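*Asks:* Before anything else, here's the structure in question.
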Amino acid sequence: MSVGISEASQQWDDQAATSHVLKPGELDLSHKVILYLEDISVSFDGFKALNNLSLAIDAGELRCIIGPNGAGKTTMMDVITGKTRPDAGSAFFGQTLDLTRLSEPEIAHAGIGRKFQKPTIFESHSVFENLELAMKTDKRVRRSLFAVLAGEQRDRVADTLRQIRLADQADRPAGLLSHGQKQWLEIGMLLMQEPKLLLLDEPVAGMTDDETERTGELFKSLAGKHSLVVVEHDMAFIEQLGGKVTVLHEGAVLAEGDLATVQNDQRVIEVYLGR
Ligand code: ADP
Ligand code: MG
C-alpha cells in the first residue's frame, strides 16, 4: 500500500520535531562552539600580523583578548568579519559556515556584529530612531503584517533602550549624548541586528570609570544569549567581566585561562603586563 499525502506529511512533521534540520546558511552550534580559527596567518608586506593563530569560542561565552599593541588583535577581527582574507588557515562560524568564503555583508547577515571604536550613529536622529534604523527587517513580511510587526518592532526598540540604559534619552538627538552613551547606542544598534557573535574592539576606551562599569554589566547581561569577544587593555574591566582571557603576542596565542592565571604567567608579564 502506498503512503498517502497526509501520512507522508505527518511523518515529515514527526521527523522535523525530533531532528532539527538546518537550513542552508543556518548557524550550526551542535558542538557548542560558535567560532573556530585554525592556523590563521596574515602577512602585510612579508610581516606576519597573524602567525598560525588558533582559537575557539564557545556559544554564549564572554572572551577577553589582551596583548601588546601590534599583537594582531584587530587583524584577527578583520579576518573574522571578512575584511581581511587570511593567507592560510580556516575560520568557521559554527560547524559549517566557512568565513573565508563569505563576503563582509554575508558574514554580518549570518550573525557576526562588530563594534568599531568610533561610533557610527546618526547624530541628528533621535536615539529611538537610530535603533529603529538599525533593525533587520524583512520588507516582504513587513508589508503584509505591517500593523502587528510595527508593534513588535516598537517593543524591541523599547527592550533594547532599557538594556543599554538609554530609555530616558529615547527622544534626544544622538549627537547630544555623552561619549559613553554614544558607545552604548552603537552597541544597541548592533543588538537590533540580532547578532549571535559580537566583536568589540577596545569598547571602554575614553569612558569614565562609571561608564566602564556599566558597560561591564551590559556585556555580562548579553553573554549566554550572545557570544562576545572583547579586546581591551583595561584590567579592572576585564576582571569585572570575569571570562576566560586569551593573550595574543606576535600574531599567535601566548597564554589562555582565567585572568589570575594569565597575570601570573611569566611570559605574559614579560611581553605585556610588566612593561
Ligand atoms: P593590535 O590590534 O593587536 O594592536 P593590529 O592587528 O592592528 O594589532 O596590527 C598587527 C600588526 O599588523 C601591526 O604591526 C600593524 O602595523 C600591522 N598591520 C595591521 N594592518 C595592516 C595593514 N592593513 N597593512 C600593513 N600592516 C598592517
Ligand atoms: Mg587594535
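In the C-alpha cells, the first chain shown is A, the next is B, and so on; residue numbers restart at 1 for each chain, and ligands run from 1 in the order shown.
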Residues within 12 Å of Ser41 (chain A), please, as an NGL selection string. Count only C-alpha atoms; anything in the same chain fewer than 5 positions from it doesn't count.

*Replies:* :A and (46-54 or 72 or 75-76 or 79 or 84-91 or 250-252)

*Asks:* Produce as a list of chain:residue names the set of residues near ligand 2, where near means within 9 Å with only C-alpha atoms and all ligand atoms considered.

*Replies:*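 Residues satisfying the distance criterion: A:Asn69, A:Gly70, A:Ala71, A:Gly72, A:Lys73, A:Thr74, A:Thr75, A:Asp201, A:Glu202, A:Val231.
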
*Asks:* Check the smallest atom-to-atom distance from each of A:Val229, A:Val271, A:Leu176, A:Val157 to Asn130 (chain A) using only C-alpha atoms, then report the winner.

*Replies:*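 Going through A:Val229, A:Val271, A:Leu176, A:Val157 one by one, the smallest distance to Asn130 (chain A) is for A:Val157.
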
*Asks:* Can you write out as a tab-separated table which residues of region 136-241 of chain A fall within 12 Å of region 25-32 of chain A, alongside each residue's closest atom pair and its distance in Å to one decimal, counting only C-alpha atoms and ordering rows by chain and ascending residue number?

*Replies:*
```
residue	atom	partner	partner_atom	distance
A:Pro195	CA	A:Leu27	CA	11.3
A:Lys196	CA	A:Leu27	CA	9.0
A:Leu197	CA	A:Leu27	CA	10.9
A:Gly224	CA	A:Lys32	CA	11.7
A:Ser227	CA	A:Lys32	CA	11.1
```

*Asks:* Choose the residue, out of A:Met135, A:Ile269, A:Leu198, A:Ile121, that has the smallest atom-to-atom separation from Phe219 (chain A); count only C-alpha atoms.

*Replies:*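 Of A:Met135, A:Ile269, A:Leu198, A:Ile121, the one nearest Phe219 (chain A) is A:Leu198, counting only C-alpha atoms.
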
*Asks:* Return the single residue from A:Asp159, A:Glu213, A:Glu129, A:Glu232 that is closest to ligand 1, with distances computed using only C-alpha atoms and all ligand atoms.

*Replies:*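 Using only C-alpha atoms and all ligand atoms, the shortest distance to ligand 1 belongs to A:Glu232.
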
*Asks:* Out of A:Tyr36, A:Phe44, A:Tyr272, A:Phe116, which residue has the shortest atom-to-atom distance to ligand 1 when counting only C-alpha atoms and all ligand atoms?

*Replies:* A:Phe44

*Asks:* List every residue of region 68-204 of chain A that DSSP, applied to the backbone of this structure, places in alpha helix (DSSP H), and write the result as a PyMOL selection string.

*Replies:* chain A and resi 73-80+104-110+127-134+139-144+146-163+179-192

*Asks:* Identify, on the basis of only C-alpha atoms, every residue whose closest approach to Ser126 (chain A) does not exceed 7 Å; exclude the query and any residue fewer than 4 positions from it along the same chain; express the result as a PyMOL selection string.

*Replies:* chain A and resi 130+170-174

*Asks:* Identify which of the residues A:Met189, A:Val204, A:Leu177, A:Ile65 lies closest to Asp258 (chain A), counting only C-alpha atoms when measuring atom-to-atom distances.

*Replies:*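 The shortest atom-to-atom distance to Asp258 (chain A) comes from A:Ile65.
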
*Asks:* Given the choices A:Leu190, A:Leu62, A:Val253, A:Ala134, which gets closest to Ile164 (chain A) if the distance is worked out from only C-alpha atoms?

*Replies:*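 Ranked by minimum distance to Ile164 (chain A), first place goes to A:Leu190.
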
*Asks:* Please indicate the distance in Å from CA of Glu211 (chain A) to CA of Leu241 (chain A), rounded to one decimal place.

*Replies:*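 Separation of CA of Glu211 (chain A) and CA of Leu241 (chain A): 14.0 Å.
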
*Asks:* Excluding Leu99 (chain A) and its own-chain neighbours fewer than 2 positions away, which residues fall within 10 Å of it when counting only C-alpha atoms? Please give them as a list in words.

*Replies:* Leu35, Tyr36, Leu37, Val79, Ile80, Thr81, Gly82, Arg85, Ser90, Ala91, Phe92, Phe93, Gly94, Thr96, Leu97, Arg101, Leu102, Ser103, Glu104, Glu106, Ile107 and Ala110 of chain A

*Asks:* How about saving the chosen residues, C-alpha atoms kept, as a PDB file, in the first residue's frame?

*Replies:*
```pdb
ATOM      1  CA  LEU A  35      33.871  30.349  16.322  1.00  0.00           C
ATOM      2  CA  TYR A  36      36.871  28.306  15.268  1.00  0.00           C
ATOM      3  CA  LEU A  37      40.077  29.856  13.994  1.00  0.00           C
ATOM      4  CA  VAL A  79      39.674  38.125   9.430  1.00  0.00           C
ATOM      5  CA  ILE A  80      36.521  37.075  11.312  1.00  0.00           C
ATOM      6  CA  THR A  81      34.434  39.788   9.627  1.00  0.00           C
ATOM      7  CA  GLY A  82      35.835  39.143   6.131  1.00  0.00           C
ATOM      8  CA  ARG A  85      41.453  37.376   3.882  1.00  0.00           C
ATOM      9  CA  SER A  90      40.498  28.242   8.381  1.00  0.00           C
ATOM     10  CA  ALA A  91      37.808  30.280  10.099  1.00  0.00           C
ATOM     11  CA  PHE A  92      34.410  28.736  10.831  1.00  0.00           C
ATOM     12  CA  PHE A  93      31.252  30.232  12.302  1.00  0.00           C
ATOM     13  CA  GLY A  94      29.587  27.266  13.976  1.00  0.00           C
ATOM     14  CA  THR A  96      29.568  24.739   8.794  1.00  0.00           C
ATOM     15  CA  LEU A  97      29.929  28.383   7.788  1.00  0.00           C
ATOM     16  CA  ARG A 101      34.415  32.123   1.631  1.00  0.00           C
ATOM     17  CA  LEU A 102      31.789  34.694   2.667  1.00  0.00           C
ATOM     18  CA  SER A 103      31.693  38.416   1.866  1.00  0.00           C
ATOM     19  CA  GLU A 104      31.565  41.050   4.631  1.00  0.00           C
ATOM     20  CA  GLU A 106      27.175  37.813   4.184  1.00  0.00           C
ATOM     21  CA  ILE A 107      29.131  37.443   7.425  1.00  0.00           C
ATOM     22  CA  ALA A 110      24.980  35.300   9.234  1.00  0.00           C
TER      23      ALA A 110
END
```

*Asks:* Set the distance at 10 Å and use only C-alpha atoms: which residues neighbour Pro203 (chain A) once local chain neighbours fewer than 4 positions away are removed? I'd like the list as a PyMOL selection string.

*Replies:* chain A and resi 115-118+180+183-184+187+199+207+212+215-216+230-234

*Asks:* Please produce a file of those selected residues containing C-alpha atoms, as an mmCIF file, in the first residue's frame.

*Replies:*
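See result.cif below for the written result:
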```cif
data_model
loop_
_atom_site.group_PDB
_atom_site.id
_atom_site.type_symbol
_atom_site.label_atom_id
_atom_site.label_comp_id
_atom_site.auth_asym_id
_atom_site.auth_seq_id
_atom_site.Cartn_x
_atom_site.Cartn_y
_atom_site.Cartn_z
ATOM 1 C CA LYS A 115 31.695 47.488 17.020
ATOM 2 C CA PHE A 116 34.404 49.871 15.941
ATOM 3 C CA GLN A 117 35.929 52.428 18.264
ATOM 4 C CA LYS A 118 34.432 55.441 16.536
ATOM 5 C CA GLY A 180 29.856 56.619 26.777
ATOM 6 C CA GLN A 183 29.051 53.836 22.583
ATOM 7 C CA TRP A 184 26.047 52.154 24.215
ATOM 8 C CA ILE A 187 26.007 48.550 20.834
ATOM 9 C CA LEU A 199 33.175 41.610 18.367
ATOM 10 C CA MET A 207 34.856 56.115 29.073
ATOM 11 C CA THR A 212 33.111 51.475 32.108
ATOM 12 C CA THR A 215 29.413 48.651 30.133
ATOM 13 C CA GLY A 216 30.752 45.636 32.007
ATOM 14 C CA VAL A 230 36.190 41.776 23.728
ATOM 15 C CA VAL A 231 39.613 43.289 23.020
ATOM 16 C CA GLU A 232 40.679 45.533 25.914
ATOM 17 C CA HIS A 233 43.639 46.890 27.846
ATOM 18 C CA ASP A 234 41.667 47.904 30.967
#
```

*Asks:* Please, which residues of region 4-190 of chain A, numbered as in this document, come out strand (DSSP E or B) from DSSP, as a VMD selection string?

*Replies:* chain A and resid 33 to 44 47 to 58 62 to 66 88 to 93 97 to 98 112 to 115 126 173
